[in-house]
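> The structure that follows is given in the form of structure tokens.
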Amino acid sequence: MTKFTAIPATVAMCIASTAYAADLEVTHWWTSGGEAAAVAEFANAFNATGHNWVDGAIAGSGGTARPIIVSRIIGGDPMHATQLNHGRQAEELIEAGLMLDLTDIAEAQGWKDIVNPPGLLESCTQDGKIYCVPVNIHSWQWIWLSNEAYKKAGVDVPSNWDEFVAAAPALQEKDILPLVVGQQGWQTNGAFGVIQVAVGGADLWSEININKSVEAAAGPEMAKVFAAADTARQMSANSNVSDWNLATAKVINGEAGGQIMGDWAQGEFAVAGKIAGEDYTCLPGLGVNEVISTGGDAFYFPKVDDPEITAAQKELASIMISKEAQVAFNLKKGSLPVRGDIDLSAANACMQKGLEILAAGGVLPSGDQVLSSDTTGQIEDLFVEFWSDLSMTPEDAQARYADIIASAD
Amino acid sequence: MPRSKRPSGLLRNLNAKIAAIPMILIASVIFVGCTVWTVVHSFTKSRLLPKMDFVGLDQYERLWSTRRWLISIENLAIYGLCMLVLSLVIGFVLAALLDQKIRFENTFRSIILFPFALSFVVTGLVWQWILNPDFGIQFIVRNLGWESFTFDPLFNPEIVIFGVLIAGVWQGSGLIMVLMLAGLRGIDGEIWKASRIDGIPKWKTYLYVVIPMMRPVFITALVLIASGIVKVYDLIVAQTKGGPGIASEVPAKYVMDAMFSKQNLGQGFAASTMMLVSVLIILIPYAYLEFGGRRRDK
Amino acid sequence: MTSKSLIPNGPRPRRVITGRNIMLYGTLILVCLYYVLPLYVMVVTSLKGMPEIRMGNIFSPPVEVTFEPWVKAWSTACTGLNCDGLSRGFWNSIQILLPSVAVSIIVASVSGYFLANWKFRGAEVFFTILIFGAFIPYQVMIYPIVILLREAGLMGKLSGLVVVHTIFGMPILTLLFRNYFTSVPEELFKAARVDGAGFWGIYFRIMLPMSLPIFVVAMILQITGIWNDFLFGVIFTKPDIYPMTVQLNNIVNSVQGVKEYNVNMAATLLTGLVPLTIYFISGKLFVRGIASGAVKG
């Protein structure tokens, strides 16, 4: 963890006392080392304009940070900018007129032309107006493999899902867990989503998640997906871990063959000093359907009465999407930038793969963008149970899944 | 006997009435107000923000058809019963032991009480480690040569709730002990002299004289433990996150997840209304016994 | 207070080394092991470096003792952009703690006192509601309370937070005091009335001094609860008065990245030190009530 923020912050404090400076309180849940370093890039860029970034970091997204953020906003005494997953989470706050409309600067700066994929900006748009700034792309569509584990088992590192499944018995003979899955709803659901895209294809995924087609959800294609998920859960039985990073640690140490996890897992490999391609292998879309799902983070700006603050809020918004800040931020964060027009040659092999897929247009929206949190939560409950309770048959699970999709919104 | 039943005009005991104002305000505005607000909103389809968009009993239908809710209730019942009995017994026995004019009472008391001071997040983590089969107690015992020893409560859906119980008792029993100790200290010392003269064994004195005298303290302890049980949330989140699977889910966690993760306030309110209704069912007969019916003779 | 009042209750032991004493201390020491084991794990972990923790045995003492995690937890751990550890929120926490504990205990003890000794008709109804309130998960009440505080203009202010802590401390504390005051011998109360003492006179001269142990229990409850509170502290205040637990949460609860278990443990132990110190100091107040002596005299 670094201390570099101390000095710019002090400098900023001095500058802040000049005439046009505004204090902006910014809430986010980026508190781990790499995340804090990334967010500091935004803060430094903002402070350099003479304003002052007042940091309101609160660890723990969802359950912890959200009630706090929402309470502050409806309490009429909001922070001035806040991180939220873009997509459908802020809809109601916007409807209630509590969020600042950014359309004017978005148009002035041509966000429509620079944000790639365009779906990101669409998630920020409601009734034709833009309410948030997307800052990065995190994709779920990866599996991370331990080269060491496969070497121990004497088999080649798989290059797609079928090979992965075929190699499992060899790993098990050496007491290596073929697949590690943290036993938490969001992880099991995430892993399932990746299998769904890989085995069933992107069209099936869209049909169910975007068009909410119950027939597709209950259909034979989906049955294949559930069969694959059944295989996956049997490979991952006895995982005995719940935190995702502890699961990743098993891959790093060669105790497990692979983990289906989003690109943030890369950070763990990097910290452990592992090199992509040599120590570990990354397969986008399980090596079958190479896509990037465009989840990620965005910043929203609650409405306040003070015009000076409003001006500063808009300034912060444009800084966040600027080329310099995007490069600096995403390199530290390990995520992909939201603009297609910048050079990220400093990125590692796996990130480069992601960028290529992105450039080729292989994108899917993330679950967050198309399903309400309520539906996502129900699906998570289903999969965490499915994964841990081997007596639940894939057919039962599929029937329950179809029920959830039927009532989804 | 109530001590204050005297003919009273509005101005009589004015000070006492002024003193009652905060309580009346808090009880009526906050607790009644918020409860009514919650119940009303449980009939709506509020999502992220509370809205008056009524959908009848939909939220309740969904609630009772959700497996996770049913498992939560079952867990709460098991956890609650064990926690109640264990806390009361451990709390009282420890208090009685500490009340034997022992040396280092302050040290013993502080040790037993200290878990109460620690944050749940890390408490959960530490117990997670200790109960982890790969490097906790099971690992140690197996290293001592007992190879078949198995103790993995947090990874066994059948007994996971007892794994949580171990940590729950660890965290909460100290407070009950202190409360009991305060109660014991409030008891007239003459009792002991009298019972010794009469040659009554000590355990009998505790059982038949002291415990009945401590009835108010026991009631306080009961409410304290019971309300803690109903609200148990942090501990589960810190220790198991409801897992493995959904084997250690509890109602309060269902409510929180519905409200803040699923962003379905209506569903969360429906679940908490059900929790409150069950509390009410238990509380009303109690209140009737305590205040309404016969008066205890003291 | 006479020295007699410092003598704990219960039957007197006879000699120092007796079978009974061995049983007594043996049991207590065994029980303490259960309570101390996790503490031991925490302390040991907080003194290890990360490589040693990754290697595994949580019970083994540190090979190389390092105080780095403690220093880091206190003064350099980052939460977002502020890299000054727990020290950042310490004084804020004290500022929140003192008025909140004082106000909540005063309000609740007076309420308990009037419920035990001065109640008017209908008071039980409010009291029952209050007990009922103890069972409401407080997260359910966040939004309505936010709205109430917004209307009262207390949102984002320290005074608003004090009000919130008082409200949520009310049910259990009032019950605690009411039930304790009920067991104070009635003769005392009557005698004081005859002497012409009023509501406050009896409260200060009789009830307060006789109820030190229960005040200690109330303090333990409130100090622990308020010191460890995180949710209300963040919702009802602003970053410049965020309590220490915000930093604690940020240190131990980071959702991504490497978990520094040693720093987590050190941070938790550091945060727990304040309540723990108070538990220990308050021990002196754990005296036997002076009830019996006063009645006789």
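Identifiers in this document derive from the order of the structure tokens: chains are assigned A, B, ..., residues are numbered from 1 separately in each chain, and ligands are numbered from 1 in order of occurrence.
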Find the residues of chain C that sit at most 10 Å from chain A; for each, write down the nearest two atoms and how far apart they are in Å, to one decimal. Count only C-alpha atoms. Sort by chain, then by number going up, and give it as JSON lines.

```
{"residue": "C:Arg54", "atom": "CA", "partner": "A:Ala249", "partner_atom": "CA", "distance": 9.8}
{"residue": "C:Thr76", "atom": "CA", "partner": "A:Lys3", "partner_atom": "CA", "distance": 8.0}
{"residue": "C:Ala77", "atom": "CA", "partner": "A:Met1", "partner_atom": "CA", "distance": 7.8}
{"residue": "C:Cys78", "atom": "CA", "partner": "A:Thr31", "partner_atom": "CA", "distance": 7.3}
{"residue": "C:Thr79", "atom": "CA", "partner": "A:Thr31", "partner_atom": "CA", "distance": 5.4}
{"residue": "C:Gly80", "atom": "CA", "partner": "A:Ala36", "partner_atom": "CA", "distance": 4.9}
{"residue": "C:Leu81", "atom": "CA", "partner": "A:Ala40", "partner_atom": "CA", "distance": 6.1}
{"residue": "C:Asn82", "atom": "CA", "partner": "A:Asp55", "partner_atom": "CA", "distance": 7.4}
{"residue": "C:Cys83", "atom": "CA", "partner": "A:Lys3", "partner_atom": "CA", "distance": 6.5}
{"residue": "C:Asp84", "atom": "CA", "partner": "A:Lys3", "partner_atom": "CA", "distance": 9.2}
{"residue": "C:Gln139", "atom": "CA", "partner": "A:Pro67", "partner_atom": "CA", "distance": 8.7}
{"residue": "C:Ile142", "atom": "CA", "partner": "A:Ser71", "partner_atom": "CA", "distance": 7.5}
{"residue": "C:Tyr143", "atom": "CA", "partner": "A:Ser71", "partner_atom": "CA", "distance": 6.5}
{"residue": "C:Pro144", "atom": "CA", "partner": "A:Ser71", "partner_atom": "CA", "distance": 9.7}
{"residue": "C:Ile145", "atom": "CA", "partner": "A:Gly75", "partner_atom": "CA", "distance": 9.2}
{"residue": "C:Val146", "atom": "CA", "partner": "A:Gly75", "partner_atom": "CA", "distance": 5.5}
{"residue": "C:Ile147", "atom": "CA", "partner": "A:Gly75", "partner_atom": "CA", "distance": 6.0}
{"residue": "C:Leu148", "atom": "CA", "partner": "A:Gly75", "partner_atom": "CA", "distance": 8.9}
{"residue": "C:Leu149", "atom": "CA", "partner": "A:Gly75", "partner_atom": "CA", "distance": 7.7}
{"residue": "C:Arg150", "atom": "CA", "partner": "A:Gly75", "partner_atom": "CA", "distance": 5.5}
{"residue": "C:Glu151", "atom": "CA", "partner": "A:Gly75", "partner_atom": "CA", "distance": 8.9}
{"residue": "C:Gly153", "atom": "CA", "partner": "A:Gly76", "partner_atom": "CA", "distance": 9.6}
{"residue": "C:Leu154", "atom": "CA", "partner": "A:Gly75", "partner_atom": "CA", "distance": 9.8}
{"residue": "C:Met155", "atom": "CA", "partner": "A:Gly75", "partner_atom": "CA", "distance": 6.6}
{"residue": "C:Gly156", "atom": "CA", "partner": "A:Asp77", "partner_atom": "CA", "distance": 6.8}
{"residue": "C:Phe230", "atom": "CA", "partner": "A:Thr64", "partner_atom": "CA", "distance": 9.8}
{"residue": "C:Leu231", "atom": "CA", "partner": "A:Ile68", "partner_atom": "CA", "distance": 7.4}
{"residue": "C:Phe232", "atom": "CA", "partner": "A:Ile68", "partner_atom": "CA", "distance": 8.7}
{"residue": "C:Gly233", "atom": "CA", "partner": "A:Ile68", "partner_atom": "CA", "distance": 9.8}
{"residue": "C:Val234", "atom": "CA", "partner": "A:Ile68", "partner_atom": "CA", "distance": 6.8}
{"residue": "C:Ile235", "atom": "CA", "partner": "A:Ile68", "partner_atom": "CA", "distance": 5.3}
{"residue": "C:Phe236", "atom": "CA", "partner": "A:Arg72", "partner_atom": "CA", "distance": 7.7}
{"residue": "C:Thr237", "atom": "CA", "partner": "A:Arg72", "partner_atom": "CA", "distance": 9.1}
{"residue": "C:Lys238", "atom": "CA", "partner": "A:Gly56", "partner_atom": "CA", "distance": 8.2}
{"residue": "C:Pro239", "atom": "CA", "partner": "A:Gly56", "partner_atom": "CA", "distance": 5.7}
{"residue": "C:Asp240", "atom": "CA", "partner": "A:Val54", "partner_atom": "CA", "distance": 8.8}
{"residue": "C:Tyr242", "atom": "CA", "partner": "A:Gly56", "partner_atom": "CA", "distance": 9.0}
{"residue": "C:Val246", "atom": "CA", "partner": "A:Ile58", "partner_atom": "CA", "distance": 6.9}
{"residue": "C:Gln247", "atom": "CA", "partner": "A:Ile58", "partner_atom": "CA", "distance": 8.2}
{"residue": "C:Leu248", "atom": "CA", "partner": "A:Ala59", "partner_atom": "CA", "distance": 9.4}
{"residue": "C:Asn249", "atom": "CA", "partner": "A:Ala59", "partner_atom": "CA", "distance": 6.4}
{"residue": "C:Asn250", "atom": "CA", "partner": "A:Ala59", "partner_atom": "CA", "distance": 4.6}
{"residue": "C:Ile251", "atom": "CA", "partner": "A:Thr31", "partner_atom": "CA", "distance": 7.6}
{"residue": "C:Val252", "atom": "CA", "partner": "A:Ala59", "partner_atom": "CA", "distance": 8.5}
{"residue": "C:Asn253", "atom": "CA", "partner": "A:Ala59", "partner_atom": "CA", "distance": 5.8}
{"residue": "C:Ser254", "atom": "CA", "partner": "A:Ala59", "partner_atom": "CA", "distance": 5.2}
{"residue": "C:Val255", "atom": "CA", "partner": "A:Gly60", "partner_atom": "CA", "distance": 5.6}
{"residue": "C:Gln256", "atom": "CA", "partner": "A:Ser32", "partner_atom": "CA", "distance": 6.1}
{"residue": "C:Gly257", "atom": "CA", "partner": "A:Ser32", "partner_atom": "CA", "distance": 5.6}
{"residue": "C:Val258", "atom": "CA", "partner": "A:Glu268", "partner_atom": "CA", "distance": 6.9}
{"residue": "C:Lys259", "atom": "CA", "partner": "A:Asn245", "partner_atom": "CA", "distance": 8.3}
{"residue": "C:Glu260", "atom": "CA", "partner": "A:Ser32", "partner_atom": "CA", "distance": 9.8}
```
> Applying 12 Å and only C-alpha atoms, which residues near Ala19 in chain B remain after dropping the ones on its own chain fewer than 4 positions away? List them as a PyMOL selection string.
(chain B and resi 13-15+23-25) or (chain C and resi 106-115+118-120+123+199-200+203)
> Taking the DSSP assignment computed from this structure's backbone, write out as a PyMOL selection string all residues of range 94-224 of chain B that belong to helix (DSSP H, G or I).
chain B and resi 94-98+105-117+120-130+137-143+153-155+160-185+190-197+202-213+215-224
> For chain B against chain A, with a cut-off of 8 Å and counting only C-alpha atoms, what is the closest atom pair and its distance in Å to one decimal for every residue that makes the cut, ordered by chain and number, as a tab-separated table?

```
residue	atom	partner	partner_atom	distance
B:Leu48	CA	A:Glu92	CA	6.5
B:Leu49	CA	A:Glu92	CA	6.8
B:Arg68	CA	A:Asp381	CA	7.6
B:Phe155	CA	A:Asn240	CA	6.7
B:Lys241	CA	A:Gln184	CA	7.3
B:Gly243	CA	A:Gln183	CA	7.0
B:Pro244	CA	A:Ser388	CA	6.2
B:Gly245	CA	A:Glu385	CA	4.4
B:Ile246	CA	A:Glu385	CA	5.8
B:Met256	CA	A:Gly63	CA	7.5
B:Asp257	CA	A:Gly63	CA	6.8
B:Ala258	CA	A:Asp374	CA	7.5
B:Phe260	CA	A:Gly63	CA	5.5
B:Ser261	CA	A:Gly62	CA	5.4
B:Lys262	CA	A:Asp374	CA	4.0
B:Gln263	CA	A:Asp374	CA	5.9
B:Asn264	CA	A:Asp374	CA	6.0
```
> May I have the residues from that selection written out with N, CA and C atoms, as a PDB file, in the first residue's frame?

```pdb
ATOM      1  N   LEU B  48     -36.226  -0.008  -4.592  1.00  0.00           N
ATOM      2  CA  LEU B  48     -35.114   0.652  -3.920  1.00  0.00           C
ATOM      3  C   LEU B  48     -35.619   1.706  -2.939  1.00  0.00           C
ATOM      4  N   LEU B  49     -36.668   2.409  -3.328  1.00  0.00           N
ATOM      5  CA  LEU B  49     -37.224   3.460  -2.484  1.00  0.00           C
ATOM      6  C   LEU B  49     -38.631   3.074  -2.062  1.00  0.00           C
ATOM      7  N   ARG B  68     -35.642 -20.456   0.976  1.00  0.00           N
ATOM      8  CA  ARG B  68     -34.651 -19.841   1.841  1.00  0.00           C
ATOM      9  C   ARG B  68     -35.291 -19.291   3.110  1.00  0.00           C
ATOM     10  N   PHE B 155     -18.705 -26.581   7.450  1.00  0.00           N
ATOM     11  CA  PHE B 155     -18.812 -27.088   6.091  1.00  0.00           C
ATOM     12  C   PHE B 155     -19.806 -28.228   5.977  1.00  0.00           C
ATOM     13  N   LYS B 241     -21.737 -16.464   5.939  1.00  0.00           N
ATOM     14  CA  LYS B 241     -22.476 -15.820   4.849  1.00  0.00           C
ATOM     15  C   LYS B 241     -23.695 -16.644   4.452  1.00  0.00           C
ATOM     16  N   GLY B 243     -23.888 -19.864   4.405  1.00  0.00           N
ATOM     17  CA  GLY B 243     -23.550 -21.144   3.793  1.00  0.00           C
ATOM     18  C   GLY B 243     -23.286 -22.242   4.782  1.00  0.00           C
ATOM     19  N   PRO B 244     -22.908 -23.426   4.361  1.00  0.00           N
ATOM     20  CA  PRO B 244     -22.783 -23.811   2.955  1.00  0.00           C
ATOM     21  C   PRO B 244     -24.141 -23.840   2.259  1.00  0.00           C
ATOM     22  N   GLY B 245     -24.169 -23.423   1.032  1.00  0.00           N
ATOM     23  CA  GLY B 245     -25.449 -23.291   0.355  1.00  0.00           C
ATOM     24  C   GLY B 245     -26.281 -22.242   1.074  1.00  0.00           C
ATOM     25  N   ILE B 246     -27.463 -22.647   1.496  1.00  0.00           N
ATOM     26  CA  ILE B 246     -28.285 -21.723   2.279  1.00  0.00           C
ATOM     27  C   ILE B 246     -28.580 -22.344   3.633  1.00  0.00           C
ATOM     28  N   MET B 256     -32.450  -8.274   5.411  1.00  0.00           N
ATOM     29  CA  MET B 256     -31.413  -7.347   4.957  1.00  0.00           C
ATOM     30  C   MET B 256     -31.094  -7.559   3.480  1.00  0.00           C
ATOM     31  N   ASP B 257     -30.941  -8.824   3.094  1.00  0.00           N
ATOM     32  CA  ASP B 257     -30.600  -9.091   1.702  1.00  0.00           C
ATOM     33  C   ASP B 257     -31.717  -8.643   0.768  1.00  0.00           C
ATOM     34  N   ALA B 258     -32.964  -8.889   1.203  1.00  0.00           N
ATOM     35  CA  ALA B 258     -34.082  -8.469   0.366  1.00  0.00           C
ATOM     36  C   ALA B 258     -34.085  -6.952   0.220  1.00  0.00           C
ATOM     37  N   PHE B 260     -31.574  -4.633   0.810  1.00  0.00           N
ATOM     38  CA  PHE B 260     -30.434  -3.870   0.320  1.00  0.00           C
ATOM     39  C   PHE B 260     -29.656  -4.532  -0.806  1.00  0.00           C
ATOM     40  N   SER B 261     -29.667  -5.871  -0.875  1.00  0.00           N
ATOM     41  CA  SER B 261     -28.964  -6.478  -2.001  1.00  0.00           C
ATOM     42  C   SER B 261     -29.916  -6.698  -3.163  1.00  0.00           C
ATOM     43  N   LYS B 262     -31.086  -7.252  -2.851  1.00  0.00           N
ATOM     44  CA  LYS B 262     -32.050  -7.484  -3.920  1.00  0.00           C
ATOM     45  C   LYS B 262     -32.801  -6.207  -4.266  1.00  0.00           C
ATOM     46  N   GLN B 263     -32.661  -5.204  -3.438  1.00  0.00           N
ATOM     47  CA  GLN B 263     -33.399  -3.953  -3.630  1.00  0.00           C
ATOM     48  C   GLN B 263     -34.881  -4.209  -3.816  1.00  0.00           C
ATOM     49  N   ASN B 264     -35.418  -5.009  -2.917  1.00  0.00           N
ATOM     50  CA  ASN B 264     -36.846  -5.260  -2.947  1.00  0.00           C
ATOM     51  C   ASN B 264     -37.366  -4.963  -1.548  1.00  0.00           C
TER      52      ASN B 264
END
```
> So which one's closest to Phe132 in chain C, B:Ala271, B:Ala27, B:Ala20, B:Ala182? Using only C-alpha atoms, please.
B:Ala27
> Could you give me, as a list in words, the residues within 10 Å of Asn330 in chain A, counting only C-alpha atoms and dropping anything in the same chain fewer than 5 positions from it?
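So the residues in contact are Glu35, Ala38, Val39, Glu41, Val135, Asn136, Ile137, Ala325, Ser335, Leu336, Pro337, Val338, Leu344 and Ala347 of chain A.
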> May I have the residues within 12 Å of Phe59 in chain C as a list in words, using only C-alpha atoms and disregarding those fewer than 6 positions away in the same chain?
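After dropping sequence-adjacent residues, the list is Val126, Trp129, Ile130, Phe135, Gly136, Ile137, Phe139 and Ile140 of chain B; Leu37, Pro38, Leu39, Tyr40, Val41, Met42, Val43, Val44, Thr45, Ser46, Lys48, Glu52 and Ile53 of chain C.
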> Kindly export the residues of the current selection with N, CA and C atoms, as a PDB file, in the first residue's frame.

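Printed below is again-v7.pdb as written:
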```
ATOM      1  N   VAL B 126     -12.212 -15.375  12.952  1.00  0.00           N
ATOM      2  CA  VAL B 126     -11.396 -16.204  13.830  1.00  0.00           C
ATOM      3  C   VAL B 126     -12.057 -17.550  14.068  1.00  0.00           C
ATOM      4  N   TRP B 129     -11.684 -19.763  11.184  1.00  0.00           N
ATOM      5  CA  TRP B 129     -10.375 -20.411  11.158  1.00  0.00           C
ATOM      6  C   TRP B 129     -10.337 -21.587  12.113  1.00  0.00           C
ATOM      7  N   ILE B 130     -10.765 -21.334  13.359  1.00  0.00           N
ATOM      8  CA  ILE B 130     -10.645 -22.372  14.378  1.00  0.00           C
ATOM      9  C   ILE B 130     -11.461 -23.595  13.983  1.00  0.00           C
ATOM     10  N   PHE B 135      -7.105 -26.234   8.858  1.00  0.00           N
ATOM     11  CA  PHE B 135      -6.050 -25.737   9.746  1.00  0.00           C
ATOM     12  C   PHE B 135      -6.536 -25.390  11.146  1.00  0.00           C
ATOM     13  N   GLY B 136      -7.745 -25.798  11.494  1.00  0.00           N
ATOM     14  CA  GLY B 136      -8.268 -25.497  12.826  1.00  0.00           C
ATOM     15  C   GLY B 136      -8.164 -26.679  13.763  1.00  0.00           C
ATOM     16  N   ILE B 137      -9.197 -26.825  14.589  1.00  0.00           N
ATOM     17  CA  ILE B 137      -9.171 -27.862  15.610  1.00  0.00           C
ATOM     18  C   ILE B 137      -8.993 -29.260  15.010  1.00  0.00           C
ATOM     19  N   PHE B 139      -7.548 -30.211  12.346  1.00  0.00           N
ATOM     20  CA  PHE B 139      -6.165 -30.364  11.892  1.00  0.00           C
ATOM     21  C   PHE B 139      -5.236 -30.683  13.075  1.00  0.00           C
ATOM     22  N   ILE B 140      -5.423 -29.908  14.161  1.00  0.00           N
ATOM     23  CA  ILE B 140      -4.572 -30.092  15.339  1.00  0.00           C
ATOM     24  C   ILE B 140      -4.765 -31.489  15.924  1.00  0.00           C
TER      25      ILE B 140
ATOM     26  N   LEU C  37      -9.128 -18.706  23.843  1.00  0.00           N
ATOM     27  CA  LEU C  37      -8.557 -19.333  22.647  1.00  0.00           C
ATOM     28  C   LEU C  37      -8.619 -18.444  21.393  1.00  0.00           C
ATOM     29  N   PRO C  38      -9.806 -17.936  21.049  1.00  0.00           N
ATOM     30  CA  PRO C  38      -9.859 -17.065  19.870  1.00  0.00           C
ATOM     31  C   PRO C  38      -9.008 -15.811  20.047  1.00  0.00           C
ATOM     32  N   LEU C  39      -8.965 -15.290  21.265  1.00  0.00           N
ATOM     33  CA  LEU C  39      -8.146 -14.103  21.511  1.00  0.00           C
ATOM     34  C   LEU C  39      -6.687 -14.442  21.246  1.00  0.00           C
ATOM     35  N   TYR C  40      -6.294 -15.623  21.724  1.00  0.00           N
ATOM     36  CA  TYR C  40      -4.929 -16.074  21.500  1.00  0.00           C
ATOM     37  C   TYR C  40      -4.622 -16.116  19.999  1.00  0.00           C
ATOM     38  N   VAL C  41      -5.539 -16.722  19.242  1.00  0.00           N
ATOM     39  CA  VAL C  41      -5.331 -16.813  17.797  1.00  0.00           C
ATOM     40  C   VAL C  41      -5.179 -15.416  17.192  1.00  0.00           C
ATOM     41  N   MET C  42      -6.020 -14.496  17.665  1.00  0.00           N
ATOM     42  CA  MET C  42      -5.958 -13.146  17.114  1.00  0.00           C
ATOM     43  C   MET C  42      -4.630 -12.484  17.426  1.00  0.00           C
ATOM     44  N   VAL C  43      -4.209 -12.571  18.684  1.00  0.00           N
ATOM     45  CA  VAL C  43      -2.969 -11.910  19.076  1.00  0.00           C
ATOM     46  C   VAL C  43      -1.796 -12.506  18.306  1.00  0.00           C
ATOM     47  N   VAL C  44      -1.739 -13.837  18.275  1.00  0.00           N
ATOM     48  CA  VAL C  44      -0.640 -14.502  17.589  1.00  0.00           C
ATOM     49  C   VAL C  44      -0.608 -14.108  16.113  1.00  0.00           C
ATOM     50  N   THR C  45      -1.794 -14.109  15.506  1.00  0.00           N
ATOM     51  CA  THR C  45      -1.852 -13.761  14.086  1.00  0.00           C
ATOM     52  C   THR C  45      -1.399 -12.327  13.854  1.00  0.00           C
ATOM     53  N   SER C  46      -1.791 -11.454  14.767  1.00  0.00           N
ATOM     54  CA  SER C  46      -1.473 -10.043  14.561  1.00  0.00           C
ATOM     55  C   SER C  46       0.022  -9.790  14.685  1.00  0.00           C
ATOM     56  N   LYS C  48       2.310 -11.897  13.381  1.00  0.00           N
ATOM     57  CA  LYS C  48       3.030 -12.604  12.326  1.00  0.00           C
ATOM     58  C   LYS C  48       3.080 -11.766  11.065  1.00  0.00           C
ATOM     59  N   GLU C  52       4.145 -15.912   6.818  1.00  0.00           N
ATOM     60  CA  GLU C  52       3.985 -16.909   7.868  1.00  0.00           C
ATOM     61  C   GLU C  52       2.514 -17.304   8.013  1.00  0.00           C
ATOM     62  N   ILE C  53       1.622 -16.343   7.852  1.00  0.00           N
ATOM     63  CA  ILE C  53       0.204 -16.652   7.975  1.00  0.00           C
ATOM     64  C   ILE C  53      -0.238 -17.562   6.839  1.00  0.00           C
TER      65      ILE C  53
END
```
> Work out how far CA of Ala73 in chain C is from CA of Ala267 in chain C, in Å to one decimal.
5.1 Å
> Quick check, in Å to one decimal: how far apart do CA of Ile172 in chain C and CA of Val103 in chain C lie?
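According to the coordinates, CA of Ile172 in chain C and CA of Val103 in chain C are separated by 14.6 Å.
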> To one decimal place, how far is CA of Gly119 in chain A from CA of Asp409 in chain A in Å?
18.9 Å
> Counting only C-alpha atoms, what is within 8 Å of Val279 in chain B, bar same-chain residues fewer than 3 positions away, as an MDAnalysis selection string?
(chainID B and resid 275:276 282:283) or (chainID C and resid 132 135)
> How about saving the chosen residues, C-alpha atoms kept, as a CSV table (one decimal), in the first residue's frame?

```csv
chain,number,residue,atom,x,y,z
B,275,MET,CA,-40.9,-11.6,12.4
B,276,LEU,CA,-42.6,-8.8,14.3
B,282,ILE,CA,-45.1,-14.1,22.4
B,283,LEU,CA,-45.0,-10.7,23.9
C,132,PHE,CA,-41.4,-4.9,21.4
C,135,PHE,CA,-37.0,-7.0,18.6
```
> Which neighbours of Ile105 in chain C fall inside 8 Å, counting only C-alpha atoms, when residues of the same chain fewer than 4 positions from it are skipped, and could you give them as a short mmCIF file (atom, residue, chain, number, x, y, z; two decimals) with C-alpha atoms, in the first residue's frame?

```cif
data_model
loop_
_atom_site.label_atom_id
_atom_site.label_comp_id
_atom_site.auth_asym_id
_atom_site.auth_seq_id
_atom_site.Cartn_x
_atom_site.Cartn_y
_atom_site.Cartn_z
CA VAL C 101 -23.61 7.04 26.20
CA SER C 109 -32.49 5.22 33.79
CA THR C 166 -30.57 7.03 22.46
CA LEU C 173 -31.76 -0.09 28.96
CA ALA C 218 -25.74 -0.34 31.18
CA MET C 219 -22.43 1.35 30.49
CA GLN C 222 -23.87 1.18 25.54
#
```
> Extract, using only C-alpha atoms, all DNA, RNA and protein residues at most 7 Å from Val288 in chain A, discarding same-chain residues fewer than 6 positions from it, and format them as a list in words.
Asn160, Trp161 and Ala198 of chain A
> Which residue is closest to chain B? Choose from C:Arg88, C:Lys157, C:Arg121, C:His165 and count only C-alpha atoms.
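Selected residue with least distance to chain B: C:Arg121.
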> Compare B:Asp152, B:Glu158, B:Glu105, B:Glu147 by their minimum atom-to-atom distance to chain C, counting only C-alpha atoms, and give me the closest one.
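Ranking B:Asp152, B:Glu158, B:Glu105, B:Glu147 by distance to chain C, first place goes to B:Glu105.
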